[in-house]
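What's in entry_0.txt: compact mmCIF, C-alpha atoms
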```
# COMPACT_ATOMS: atom_id res chain seq x y z
CA MET N 1 106.42 -8.35 -75.25
CA ARG N 2 103.06 -8.68 -77.03
CA ASN N 3 104.11 -11.93 -78.66
CA LYS N 4 105.18 -13.26 -75.33
CA VAL N 5 101.77 -12.55 -73.79
CA ILE N 6 99.97 -14.22 -76.68
CA PHE N 7 102.27 -17.20 -76.45
CA LEU N 8 101.69 -17.55 -72.74
CA LEU N 9 97.94 -17.29 -73.20
CA LEU N 10 97.92 -19.99 -75.86
CA PHE N 11 100.19 -22.17 -73.79
CA TYR N 12 97.93 -21.80 -70.77
CA THR N 13 94.77 -22.59 -72.77
CA ALA N 14 96.36 -25.66 -74.29
CA ALA N 15 97.47 -26.85 -70.88
CA VAL N 16 93.96 -26.50 -69.48
CA PHE N 17 92.48 -28.46 -72.38
CA GLN N 18 95.13 -31.09 -71.92
CA LEU N 19 94.27 -31.50 -68.26
CA GLN N 20 90.54 -31.63 -68.85
CA ALA N 21 90.89 -34.24 -71.53
CA CYS N 22 92.94 -36.32 -69.18
CA ASP N 23 90.13 -38.35 -67.65
CA SER N 24 91.75 -41.51 -66.43
CA ASP N 25 90.94 -44.80 -68.13
CA ALA N 26 88.99 -45.79 -65.05
CA ASP N 27 86.83 -42.67 -65.32
CA ILE N 28 86.09 -43.29 -68.98
CA ASN N 29 85.27 -46.90 -68.25
CA TYR N 30 82.96 -45.90 -65.43
CA LYS N 31 81.12 -43.39 -67.60
CA ARG N 32 80.73 -45.89 -70.42
CA ASN N 33 79.34 -48.49 -68.05
CA TYR N 34 76.97 -45.99 -66.48
CA VAL N 35 75.52 -44.90 -69.83
CA ASN N 36 75.17 -48.46 -71.13
CA GLY N 37 73.73 -49.49 -67.78
CA LYS N 38 71.04 -46.84 -68.09
CA GLY N 39 69.92 -48.27 -71.44
CA LEU N 40 69.85 -51.81 -70.05
CA TYR N 41 67.99 -50.64 -66.94
CA GLU N 42 65.30 -49.06 -69.10
CA LYS N 43 64.91 -52.28 -71.03
CA TYR N 44 65.03 -54.88 -68.25
CA CYS N 45 64.29 -53.21 -64.92
CA GLN N 46 62.36 -49.99 -65.34
CA ASN N 47 58.87 -51.44 -65.94
CA CYS N 48 58.70 -52.62 -62.35
CA HIS N 49 61.27 -50.54 -60.48
CA GLY N 50 60.36 -47.27 -62.19
CA ALA N 51 62.31 -44.56 -63.99
CA ASP N 52 63.20 -42.97 -60.65
CA GLY N 53 63.94 -46.28 -58.92
CA THR N 54 61.09 -45.91 -56.45
CA GLY N 55 59.43 -49.25 -57.31
CA LEU N 56 55.66 -49.52 -56.96
CA ALA N 57 53.96 -49.49 -53.57
CA ARG N 58 54.60 -52.81 -51.76
CA LEU N 59 54.57 -54.76 -55.03
CA TYR N 60 58.04 -53.91 -56.33
CA PRO N 61 60.83 -52.74 -54.00
CA PRO N 62 62.56 -49.40 -54.53
CA LEU N 63 66.27 -49.27 -55.41
CA THR N 64 66.87 -46.27 -53.18
CA ASP N 65 67.90 -48.19 -50.06
CA THR N 66 71.63 -47.53 -50.11
CA THR N 67 72.30 -49.70 -47.07
CA TYR N 68 70.57 -52.70 -48.64
CA LEU N 69 72.57 -52.27 -51.85
CA ILE N 70 75.88 -51.99 -49.99
CA GLU N 71 75.20 -54.98 -47.74
CA ASN N 72 74.11 -57.13 -50.69
CA LYS N 73 76.60 -55.88 -53.22
CA ALA N 74 78.05 -59.36 -53.78
CA LEU N 75 74.53 -60.78 -54.24
CA LEU N 76 73.32 -58.25 -56.82
CA PRO N 77 74.63 -60.23 -59.85
CA CYS N 78 72.76 -63.34 -58.65
CA ILE N 79 69.51 -61.42 -58.16
CA ILE N 80 69.70 -59.80 -61.58
CA LYS N 81 70.68 -62.99 -63.40
CA ASN N 82 68.59 -65.61 -61.57
CA GLY N 83 65.78 -63.56 -60.11
CA GLN N 84 64.68 -63.71 -56.49
CA ASN N 85 61.91 -65.58 -54.74
CA LYS N 86 62.34 -64.92 -51.05
CA GLU N 87 61.26 -62.33 -48.57
CA ILE N 88 63.49 -59.26 -48.38
CA ILE N 89 63.33 -56.10 -46.31
CA VAL N 90 63.98 -52.82 -48.06
CA HIS N 91 63.53 -49.50 -46.28
CA ARG N 92 61.98 -51.43 -43.37
CA GLU N 93 59.23 -52.74 -45.66
CA THR N 94 58.80 -56.43 -46.47
CA TYR N 95 58.63 -57.56 -50.09
CA ASP N 96 57.79 -61.19 -50.90
CA GLY N 97 56.95 -61.09 -54.60
CA GLU N 98 58.87 -63.03 -57.19
CA MET N 99 61.37 -61.24 -59.37
CA PRO N 100 62.02 -62.98 -62.70
CA GLY N 101 65.63 -63.64 -63.69
CA ASN N 102 67.42 -62.30 -66.74
CA GLY N 103 69.41 -65.37 -67.77
CA ASN N 104 70.22 -63.90 -71.17
CA LEU N 105 72.37 -61.07 -69.79
CA ALA N 106 76.15 -61.20 -70.20
CA ASP N 107 78.39 -60.55 -67.19
CA ILE N 108 79.46 -57.19 -68.57
CA GLU N 109 75.81 -56.16 -68.99
CA ILE N 110 75.02 -57.14 -65.41
CA ALA N 111 78.02 -55.09 -64.25
CA GLN N 112 76.76 -52.09 -66.21
CA ILE N 113 73.27 -52.38 -64.72
CA ILE N 114 74.82 -52.52 -61.23
CA VAL N 115 76.97 -49.46 -61.97
CA TYR N 116 73.85 -47.58 -63.07
CA ILE N 117 71.68 -48.60 -60.12
CA THR N 118 74.33 -48.13 -57.44
CA ASN N 119 75.13 -44.66 -58.76
CA SER N 120 71.60 -43.39 -59.35
CA PHE N 121 68.50 -42.80 -57.22
CA GLY N 122 70.60 -41.26 -54.44
CA ASN N 123 73.24 -44.03 -54.48
CA ASN N 124 76.90 -43.23 -55.04
CA GLN N 125 78.97 -46.40 -54.86
CA GLY N 126 81.43 -46.20 -57.73
CA SER N 127 82.38 -48.82 -60.28
CA TYR N 128 81.60 -52.54 -60.51
CA ALA N 129 83.67 -54.72 -62.84
CA ALA N 130 82.53 -57.57 -65.05
CA ALA N 131 85.12 -59.76 -63.32
CA GLN N 132 83.35 -59.14 -59.99
CA VAL N 133 80.11 -60.32 -61.61
CA THR N 134 81.75 -63.46 -62.93
CA SER N 135 83.14 -64.42 -59.55
CA ALA N 136 79.94 -63.49 -57.70
CA LEU N 137 77.85 -65.66 -60.01
CA LYS N 138 79.89 -68.71 -58.96
CA ASP N 139 78.57 -68.39 -55.42
CA CYS N 140 74.85 -67.97 -56.15
CA ASP N 141 72.43 -70.13 -54.16
CA MET G 1 34.12 -3.41 -95.38
CA LYS G 2 34.67 -2.87 -91.68
CA ASN G 3 31.58 -4.95 -90.91
CA LEU G 4 32.91 -7.74 -93.03
CA TYR G 5 36.06 -7.89 -90.90
CA LEU G 6 33.95 -7.91 -87.79
CA ILE G 7 31.87 -10.83 -89.06
CA ALA G 8 35.01 -12.69 -90.03
CA VAL G 9 36.49 -12.18 -86.57
CA ILE G 10 33.28 -13.18 -84.80
CA SER G 11 32.85 -16.32 -86.85
CA CYS G 12 36.44 -17.25 -86.07
CA VAL G 13 35.72 -16.84 -82.38
CA PHE G 14 32.62 -19.05 -82.64
CA GLN G 15 34.52 -21.72 -84.50
CA ALA G 16 37.19 -21.64 -81.88
CA CYS G 17 34.52 -22.15 -79.24
CA SER G 18 33.05 -25.20 -80.91
CA ASN G 19 36.44 -26.88 -80.76
CA GLY G 20 37.15 -25.56 -77.31
CA PRO G 21 36.83 -27.13 -73.90
CA ASP G 22 33.02 -27.25 -74.07
CA GLN G 23 33.09 -29.98 -76.64
CA LYS G 24 31.75 -33.31 -75.39
CA LEU G 25 33.81 -36.47 -75.46
CA PRO G 26 33.09 -38.66 -78.49
CA ILE G 27 31.09 -41.87 -78.21
CA LEU G 28 33.24 -44.75 -79.43
CA GLY G 29 32.44 -48.11 -80.99
CA ASP G 30 29.94 -49.39 -83.53
CA ARG G 31 26.64 -47.63 -83.93
CA GLU G 32 23.53 -48.36 -85.90
CA PRO G 33 20.55 -46.26 -86.94
CA VAL G 34 17.20 -47.43 -85.65
CA GLU G 35 13.95 -46.12 -87.04
CA ARG G 36 10.95 -45.58 -84.87
CA THR G 37 7.65 -43.80 -85.25
CA VAL G 38 6.82 -40.75 -83.18
CA ASP G 39 3.45 -39.04 -83.75
CA GLY G 40 3.08 -40.70 -87.12
CA LYS G 41 6.52 -39.54 -88.32
CA THR G 42 9.52 -41.76 -88.80
CA VAL G 43 12.50 -40.69 -86.70
CA VAL G 44 15.99 -42.16 -86.90
CA ASP G 45 17.76 -42.82 -83.62
CA THR G 46 21.37 -43.87 -83.24
CA VAL G 47 22.02 -46.86 -81.03
CA TYR G 48 25.54 -46.78 -79.62
CA HIS G 49 27.80 -49.59 -78.51
CA THR G 50 27.25 -50.29 -74.80
CA ILE G 51 28.76 -52.67 -72.26
CA PRO G 52 26.43 -55.68 -71.83
CA PRO G 53 25.67 -57.16 -68.38
CA PHE G 54 28.54 -58.99 -66.68
CA SER G 55 29.27 -60.97 -63.54
CA TYR G 56 32.69 -61.57 -61.98
CA LEU G 57 34.24 -62.34 -58.61
CA ASN G 58 36.21 -59.49 -57.06
CA GLN G 59 39.28 -59.58 -54.80
CA ASP G 60 37.02 -60.31 -51.81
CA SER G 61 35.33 -63.20 -53.68
CA VAL G 62 32.13 -61.15 -53.86
CA VAL G 63 30.09 -61.13 -57.06
CA VAL G 64 30.41 -57.91 -59.03
CA THR G 65 27.94 -57.07 -61.79
CA GLU G 66 27.21 -54.15 -64.05
CA LYS G 67 24.71 -52.93 -61.42
CA ASP G 68 27.64 -51.99 -59.17
CA PHE G 69 28.57 -49.49 -61.87
CA ASP G 70 25.13 -47.92 -62.30
CA ASN G 71 25.31 -44.12 -62.08
CA LYS G 72 29.11 -44.27 -62.11
CA ILE G 73 31.68 -43.51 -64.71
CA TYR G 74 34.46 -46.07 -64.72
CA ILE G 75 37.80 -47.03 -66.22
CA ALA G 76 38.28 -50.60 -67.44
CA ASP G 77 41.57 -52.32 -68.15
CA PHE G 78 43.06 -55.81 -68.60
CA PHE G 79 46.13 -57.11 -66.77
CA PHE G 80 47.51 -60.03 -64.78
CA THR G 81 49.37 -59.98 -61.49
CA SER G 82 52.56 -61.73 -62.62
CA CYS G 83 52.91 -59.59 -65.76
CA ASN G 84 56.22 -57.73 -65.74
CA THR G 85 56.00 -55.91 -69.05
CA ILE G 86 53.36 -53.22 -69.37
CA CYS G 87 51.19 -53.96 -66.31
CA PRO G 88 53.48 -52.33 -63.72
CA MET G 89 53.52 -49.15 -65.80
CA MET G 90 49.75 -49.24 -66.28
CA HIS G 91 49.02 -49.70 -62.62
CA ARG G 92 51.65 -47.19 -61.52
CA ASN G 93 49.62 -44.70 -63.56
CA MET G 94 46.26 -46.11 -62.46
CA LEU G 95 47.28 -45.68 -58.84
CA GLU G 96 47.57 -41.95 -59.55
CA VAL G 97 44.04 -41.99 -60.97
CA TYR G 98 42.76 -43.96 -57.97
CA ASN G 99 44.33 -41.55 -55.50
CA ARG G 100 43.09 -38.51 -57.36
CA PHE G 101 39.44 -39.72 -57.47
CA LYS G 102 39.48 -41.50 -54.10
CA ASP G 103 36.86 -39.18 -52.66
CA GLU G 104 34.67 -39.07 -55.76
CA PRO G 105 31.90 -41.69 -55.28
CA ARG G 106 30.84 -41.47 -58.93
CA VAL G 107 34.15 -42.85 -60.20
CA LYS G 108 35.23 -46.52 -60.19
CA ILE G 109 38.02 -48.59 -61.69
CA LEU G 110 37.53 -52.13 -63.03
CA SER G 111 40.66 -54.20 -63.67
CA HIS G 112 40.07 -57.61 -65.30
CA THR G 113 42.70 -60.28 -64.93
CA ILE G 114 43.31 -62.33 -68.06
CA ASP G 115 45.31 -64.97 -66.15
CA ILE G 116 42.30 -67.06 -65.14
CA LYS G 117 44.37 -69.99 -63.95
CA TYR G 118 46.56 -68.23 -61.38
CA ASP G 119 44.90 -64.92 -60.55
CA LEU G 120 42.20 -66.31 -58.27
CA PRO G 121 40.46 -63.78 -55.99
CA SER G 122 42.90 -64.49 -53.13
CA ARG G 123 45.81 -63.54 -55.36
CA LEU G 124 44.01 -60.45 -56.57
CA LYS G 125 43.44 -59.55 -52.92
CA THR G 126 47.17 -59.77 -52.15
CA TYR G 127 47.91 -57.68 -55.22
CA ALA G 128 45.37 -55.01 -54.26
CA ASP G 129 46.68 -54.89 -50.68
CA LYS G 130 50.26 -54.47 -51.81
CA LEU G 131 49.23 -51.76 -54.23
CA GLY G 132 47.58 -49.97 -51.32
CA VAL G 133 44.01 -50.19 -52.65
CA GLU G 134 41.64 -50.31 -49.70
CA SER G 135 38.26 -49.17 -50.96
CA ASP G 136 35.91 -50.82 -53.45
CA ARG G 137 36.44 -47.90 -55.82
CA TRP G 138 39.05 -50.03 -57.57
CA VAL G 139 37.90 -53.60 -58.12
CA PHE G 140 40.06 -56.43 -59.44
CA VAL G 141 37.93 -59.12 -61.05
CA HIS G 142 38.23 -62.73 -62.09
CA GLY G 143 35.98 -64.07 -64.85
CA SER G 144 35.85 -67.31 -66.79
CA ARG G 145 38.47 -68.18 -69.35
CA ASP G 146 36.01 -68.43 -72.23
CA SER G 147 34.48 -65.08 -71.63
CA ILE G 148 37.36 -62.82 -70.61
CA PHE G 149 39.04 -62.58 -74.02
CA GLU G 150 35.66 -62.03 -75.63
CA VAL G 151 34.76 -59.37 -73.07
CA SER G 152 37.98 -57.52 -73.75
CA ALA G 153 37.66 -57.64 -77.54
CA LYS G 154 33.93 -57.24 -78.07
CA ASN G 155 32.90 -55.08 -75.14
CA TYR G 156 35.93 -52.87 -74.58
CA LEU G 157 37.68 -53.23 -77.97
CA VAL G 158 40.96 -54.22 -76.27
CA ALA G 159 42.97 -57.10 -77.72
CA ALA G 160 44.01 -59.83 -75.27
CA TYR G 161 44.81 -63.44 -76.04
CA GLU G 162 46.87 -66.47 -75.11
CA ASP G 163 50.09 -66.79 -77.08
CA ASN G 164 52.48 -69.71 -76.66
CA THR G 165 55.32 -67.80 -78.26
CA ASP G 166 55.20 -65.10 -75.57
CA PRO G 167 57.50 -65.75 -72.55
CA GLN G 168 54.54 -65.29 -70.21
CA GLY G 169 51.98 -66.94 -72.50
CA LEU G 170 49.59 -63.99 -72.43
CA VAL G 171 49.46 -60.90 -74.60
CA HIS G 172 47.28 -57.87 -74.07
CA GLN G 173 47.01 -54.19 -74.90
CA GLY G 174 47.41 -51.51 -72.27
CA TRP G 175 44.38 -49.37 -72.99
CA PHE G 176 42.42 -47.65 -70.26
CA ILE G 177 38.80 -47.47 -71.46
CA LEU G 178 36.56 -44.69 -70.12
CA VAL G 179 32.89 -45.74 -69.76
CA ASP G 180 30.04 -43.34 -68.95
CA THR G 181 26.87 -43.87 -66.86
CA LYS G 182 25.03 -45.12 -69.94
CA LYS G 183 27.75 -47.78 -70.30
CA GLN G 184 28.96 -46.18 -73.52
CA LEU G 185 32.66 -46.00 -74.39
CA ARG G 186 33.88 -42.42 -74.21
CA GLY G 187 37.68 -42.65 -74.44
CA ALA G 188 40.67 -44.96 -74.89
CA TYR G 189 44.07 -44.03 -73.45
CA ASP G 190 47.44 -45.76 -73.49
CA GLY G 191 47.81 -46.70 -69.82
CA THR G 192 51.59 -46.92 -70.09
CA LYS G 193 51.97 -43.24 -71.04
CA GLU G 194 51.79 -40.64 -68.32
CA GLY G 195 50.67 -37.90 -70.74
CA GLN G 196 47.71 -39.90 -72.00
CA VAL G 197 46.69 -40.83 -68.47
CA ASN G 198 46.76 -37.14 -67.51
CA GLN G 199 44.53 -36.47 -70.51
CA MET G 200 42.22 -39.22 -69.27
CA MET G 201 41.94 -37.63 -65.83
CA ALA G 202 41.02 -34.30 -67.48
CA ASP G 203 38.44 -36.10 -69.62
CA MET G 204 37.01 -37.82 -66.54
CA GLU G 205 36.39 -34.41 -64.96
CA LYS G 206 34.74 -33.30 -68.17
CA LEU G 207 32.56 -36.40 -68.27
CA LEU G 208 31.50 -35.92 -64.64
CA ASP G 209 30.39 -32.38 -65.50
CA GLU G 210 28.46 -33.70 -68.48
CA GLU G 211 26.71 -36.33 -66.32
CA ILE G 212 25.65 -33.65 -63.85
CA LEU G 213 24.09 -31.64 -66.69
CA ASN G 214 22.29 -34.74 -67.96
CA GLU G 215 20.75 -35.32 -64.55
CA LYS G 216 19.25 -31.83 -64.43
```
Is it possible to express this structure as structure tokens?
Amino acid sequence: MRNKVIFLLLFYTAAVFQLQACDSDADINYKRNYVNGKGLYEKYCQNCHGADGTGLARLYPPLTDTTYLIENKALLPCIIKNGQNKEIIVHRETYDGEMPGNGNLADIEIAQIIVYITNSFGNNQGSYAAAQVTSALKDCD
Amino acid sequence: MKNLYLIAVISCVFQACSNGPDQKLPILGDREPVERTVDGKTVVDTVYHTIPPFSYLNQDSVVVTEKDFDNKIYIADFFFTSCNTICPMMHRNMLEVYNRFKDEPRVKILSHTIDIKYDLPSRLKTYADKLGVESDRWVFVHGSRDSIFEVSAKNYLVAAYEDNTDPQGLVHQGWFILVDTKKQLRGAYDGTKEGQVNQMMADMEKLLDEEILNEK
């Protein structure tokens, strides 16, 4: 009887560990992209947009406008890679400064930055694949 | 023996005081001894580094000189409006300083652009507006190309220069320099680091107290 209880306990523990370890490949991929994206964000974006994504006054737009990010999701790769030099409205505020491009970034890096931004600062929009970046970049202005 | 302990304890307390919050801020920069004669005796005075007279155009195209900073303590820094490396961090922190001392008429901020070609007063005006700076407590100034790099290095001990190898062509340090009412340098803080800027704000309070005592 005692052995049976011990066996059941061990079996149960093992099963729980097994389940917890079973993050899907997609989950692992997402987490990897998010972490790498954070590092890239700190290097390329944070000076202007801030550690908390709130930008700086009316000079640099915040990245907290979820609606803007969703509506322009297909444009984000173009903005990050080529910069932006037109008037935009974020949180009902107009921004007309010039954002420099980051032509040196690889598609996968751009995807990782997008994953970080669109899942931080109050955003929660899931994954963004490098393939999406590649196809979006074909349609930049 | 007991007295000895007491003396030891008291002297410790005094030493602690001399390093405590009452200590004045240091005076930075070169200094030289100058001898002069008072009542037939030779006395040695120390002459400290001070900011020489200057003249710039501010964001409203109005001439700004050192006289606008008489009886004020001020922070000086060097930047340019299109800089996307350290300047946004510096001015994110400076905005905190500006807002904190907004109602203190004895405090001013003087930001020099080092991009003489593009940062004309009109552009500085747009920058100031977007940053939300409305009063003349924070002035953004435009000087001449020849002088600005010399002003930064010689007057404020901040390195700034043109560099063709830099993507933006201009390189500068992010120091915030604290200047007292005698135009002496009293502190240098890394404007990109929140902790150092907080220290600067504490030192500014301390300096204001010191200036009040000097007036009495």
Subject >> Counting all atoms listed in the file, chain G residues within 6 Å of chain N, as a count of residues only >> reply: 4
Original post:
Ala129 of chain N: which residues within 10 Å, counting all atoms listed in the file, same-chain residues fewer than 2 positions away excluded, as a list in words?
Top reply: Asn29, Tyr30, Asn33, Asp107, Ile108, Ile110, Ala111, Gln112, Ile114, Val115, Ser127, Ala131, Gln132, Val133 and Thr134 of chain N
**OP:** Would you mind reading off the distance between atom CA of Arg137 of chain G and atom CA of Gly195 of chain G, one decimal, in Å?
**Re:** 22.9 Å
Calculate, to one decimal in Å, the centre and edge lengths of the box along x, y and z of the file that holds all listed atoms of segment 91-97 of chain N with 5 Å of margin on each side, and present them as lines of an AutoDock Vina configuration file.
```
center_x = 60.2
center_y = -55.3
center_z = -49.0
size_x = 16.6
size_y = 21.7
size_z = 21.2
```
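If you measure from each of G:Asn99, G:Thr192, G:Thr85, G:Asn214 to Leu170 of chain G using only C-alpha atoms, the closest one turns out to be G:Thr85.
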Original post:
In Å to one decimal, how far is atom CA of Phe79 of chain G from atom CA of Phe149 of chain G?
Top reply: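 For atom CA of Phe149 of chain G relative to atom CA of Phe79 of chain G, the distance reads 11.5 Å.
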Subject >> Top pick for closest residue to Asp65 of chain N, considering N:Arg92, N:Arg32, N:Lys138, N:Lys86 and counting all atoms listed in the file >> reply: N:Arg92
Original post:
What does the distance from atom CA of Ile80 of chain N to atom CA of Asn104 of chain N come to in Å, to one decimal?
Top reply: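 A separation of 10.4 Å between them.
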Original post:
With distances taken over only C-alpha atoms, which of G:Arg36, G:Arg100, G:His142, G:Arg92 is nearest to Ile116 of chain G?
Top reply: G:His142
**OP:** Would you please work out which residue, of G:Gly169, G:Gly29, G:Gly187, G:Gly143, is nearest to Val64 of chain G when using all atoms listed in the file?
**Re:**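 For Val64 of chain G, the nearest of the given residues is G:Gly143.
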Subject >> Surrounding residues of Leu185 of chain G excluding itself and chain neighbours under 5 positions, 7 Å, all atoms listed in the file, as a VMD selection string >> reply: chain G and resid 27 to 29 50 177 to 180
Original post:
Which residues come within 10 Å of Phe176 of chain G, counting only C-alpha atoms, excluding same-chain residues fewer than 3 positions away, as a list in words?
Top reply: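 These residues fall inside the cut-off: Tyr74, Ile75, Ala76, Asp77, Phe78, Met90, Met94, Ile109, Leu110, Ser111, Tyr156, Val158, Gln173, Val179, Gly187, Ala188, Tyr189, Asp190, Gly191, Thr192, Gln196, Val197 and Met200 of chain G.
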Take the selection from the previous step and output its residues with C-alpha atoms, as a PDB file, keeping the file's coordinate frame.
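Output contents, as saved in selection-v3.pdb:
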```pdb
ATOM      1  CA  TYR G  74      34.460 -46.070 -64.720  1.00  0.00           C
ATOM      2  CA  ILE G  75      37.800 -47.030 -66.220  1.00  0.00           C
ATOM      3  CA  ALA G  76      38.280 -50.600 -67.440  1.00  0.00           C
ATOM      4  CA  ASP G  77      41.570 -52.320 -68.150  1.00  0.00           C
ATOM      5  CA  PHE G  78      43.060 -55.810 -68.600  1.00  0.00           C
ATOM      6  CA  MET G  90      49.750 -49.240 -66.280  1.00  0.00           C
ATOM      7  CA  MET G  94      46.260 -46.110 -62.460  1.00  0.00           C
ATOM      8  CA  ILE G 109      38.020 -48.590 -61.690  1.00  0.00           C
ATOM      9  CA  LEU G 110      37.530 -52.130 -63.030  1.00  0.00           C
ATOM     10  CA  SER G 111      40.660 -54.200 -63.670  1.00  0.00           C
ATOM     11  CA  TYR G 156      35.930 -52.870 -74.580  1.00  0.00           C
ATOM     12  CA  VAL G 158      40.960 -54.220 -76.270  1.00  0.00           C
ATOM     13  CA  GLN G 173      47.010 -54.190 -74.900  1.00  0.00           C
ATOM     14  CA  VAL G 179      32.890 -45.740 -69.760  1.00  0.00           C
ATOM     15  CA  GLY G 187      37.680 -42.650 -74.440  1.00  0.00           C
ATOM     16  CA  ALA G 188      40.670 -44.960 -74.890  1.00  0.00           C
ATOM     17  CA  TYR G 189      44.070 -44.030 -73.450  1.00  0.00           C
ATOM     18  CA  ASP G 190      47.440 -45.760 -73.490  1.00  0.00           C
ATOM     19  CA  GLY G 191      47.810 -46.700 -69.820  1.00  0.00           C
ATOM     20  CA  THR G 192      51.590 -46.920 -70.090  1.00  0.00           C
ATOM     21  CA  GLN G 196      47.710 -39.900 -72.000  1.00  0.00           C
ATOM     22  CA  VAL G 197      46.690 -40.830 -68.470  1.00  0.00           C
ATOM     23  CA  MET G 200      42.220 -39.220 -69.270  1.00  0.00           C
TER      24      MET G 200
END
```
So which residues touch Leu63 of chain N within 8 Å, counting only C-alpha atoms, skipping near sequence neighbours fewer than 4 positions away, as a PDB file with C-alpha atoms, in the frame of the given file?
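Written out: result05.pdb:
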```pdb
ATOM      1  CA  HIS N  49      61.270 -50.540 -60.480  1.00  0.00           C
ATOM      2  CA  GLY N  53      63.940 -46.280 -58.920  1.00  0.00           C
ATOM      3  CA  THR N  54      61.090 -45.910 -56.450  1.00  0.00           C
ATOM      4  CA  GLY N  55      59.430 -49.250 -57.310  1.00  0.00           C
ATOM      5  CA  LEU N  69      72.570 -52.270 -51.850  1.00  0.00           C
ATOM      6  CA  ILE N 117      71.680 -48.600 -60.120  1.00  0.00           C
ATOM      7  CA  PHE N 121      68.500 -42.800 -57.220  1.00  0.00           C
TER       8      PHE N 121
END
```
Original post:
Out of G:Val133, G:Val151, G:Cys83, G:Leu208, which residue has the shortest atom-to-atom distance to Glu104 of chain G when counting all atoms listed in the file?
Top reply: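 Counting all atoms listed in the file, the residue closest to Glu104 of chain G is G:Leu208.
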**OP:** Identify, on the basis of all atoms listed in the file, every residue whose closest approach to Ile70 of chain N does not exceed 10 Å; exclude the query and any residue fewer than 6 positions from it along the same chain; express the result as a PyMOL selection string.
**Re:** chain N and resi 76+118+123+125
Write out N, CA and C atoms for segment 85-101 of chain G, as a tab-separated table (two decimals), in the coordinates of the input.
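Everything below was put into part-v4.tsv:
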```tsv
chain	number	residue	atom	x	y	z
G	85	THR	N	55.70	-56.78	-67.90
G	85	THR	CA	56.00	-55.91	-69.05
G	85	THR	C	55.27	-54.58	-68.91
G	86	ILE	N	54.02	-54.52	-69.41
G	86	ILE	CA	53.36	-53.22	-69.37
G	86	ILE	C	52.49	-53.00	-68.13
G	87	CYS	N	52.11	-54.11	-67.44
G	87	CYS	CA	51.19	-53.96	-66.31
G	87	CYS	C	51.72	-53.06	-65.19
G	88	PRO	N	53.01	-53.21	-64.79
G	88	PRO	CA	53.48	-52.33	-63.72
G	88	PRO	C	53.36	-50.85	-64.09
G	89	MET	N	53.64	-50.55	-65.37
G	89	MET	CA	53.52	-49.15	-65.80
G	89	MET	C	52.07	-48.70	-65.77
G	90	MET	N	51.17	-49.58	-66.26
G	90	MET	CA	49.75	-49.24	-66.28
G	90	MET	C	49.23	-48.97	-64.86
G	91	HIS	N	49.60	-49.85	-63.95
G	91	HIS	CA	49.02	-49.70	-62.62
G	91	HIS	C	49.75	-48.66	-61.76
G	92	ARG	N	50.99	-48.33	-62.16
G	92	ARG	CA	51.65	-47.19	-61.52
G	92	ARG	C	50.85	-45.93	-61.86
G	93	ASN	N	50.42	-45.84	-63.13
G	93	ASN	CA	49.62	-44.70	-63.56
G	93	ASN	C	48.20	-44.76	-63.00
G	94	MET	N	47.64	-45.99	-62.95
G	94	MET	CA	46.26	-46.11	-62.46
G	94	MET	C	46.17	-45.74	-61.00
G	95	LEU	N	47.25	-46.03	-60.25
G	95	LEU	CA	47.28	-45.68	-58.84
G	95	LEU	C	47.13	-44.17	-58.65
G	96	GLU	N	47.72	-43.40	-59.57
G	96	GLU	CA	47.57	-41.95	-59.55
G	96	GLU	C	46.09	-41.59	-59.72
G	97	VAL	N	45.45	-42.26	-60.69
G	97	VAL	CA	44.04	-41.99	-60.97
G	97	VAL	C	43.20	-42.34	-59.74
G	98	TYR	N	43.48	-43.50	-59.16
G	98	TYR	CA	42.76	-43.96	-57.97
G	98	TYR	C	42.89	-42.94	-56.83
G	99	ASN	N	44.11	-42.50	-56.60
G	99	ASN	CA	44.33	-41.55	-55.50
G	99	ASN	C	43.67	-40.21	-55.77
G	100	ARG	N	43.68	-39.80	-57.03
G	100	ARG	CA	43.09	-38.51	-57.36
G	100	ARG	C	41.56	-38.53	-57.19
G	101	PHE	N	40.90	-39.66	-57.52
G	101	PHE	CA	39.44	-39.72	-57.47
G	101	PHE	C	38.93	-40.53	-56.27
```
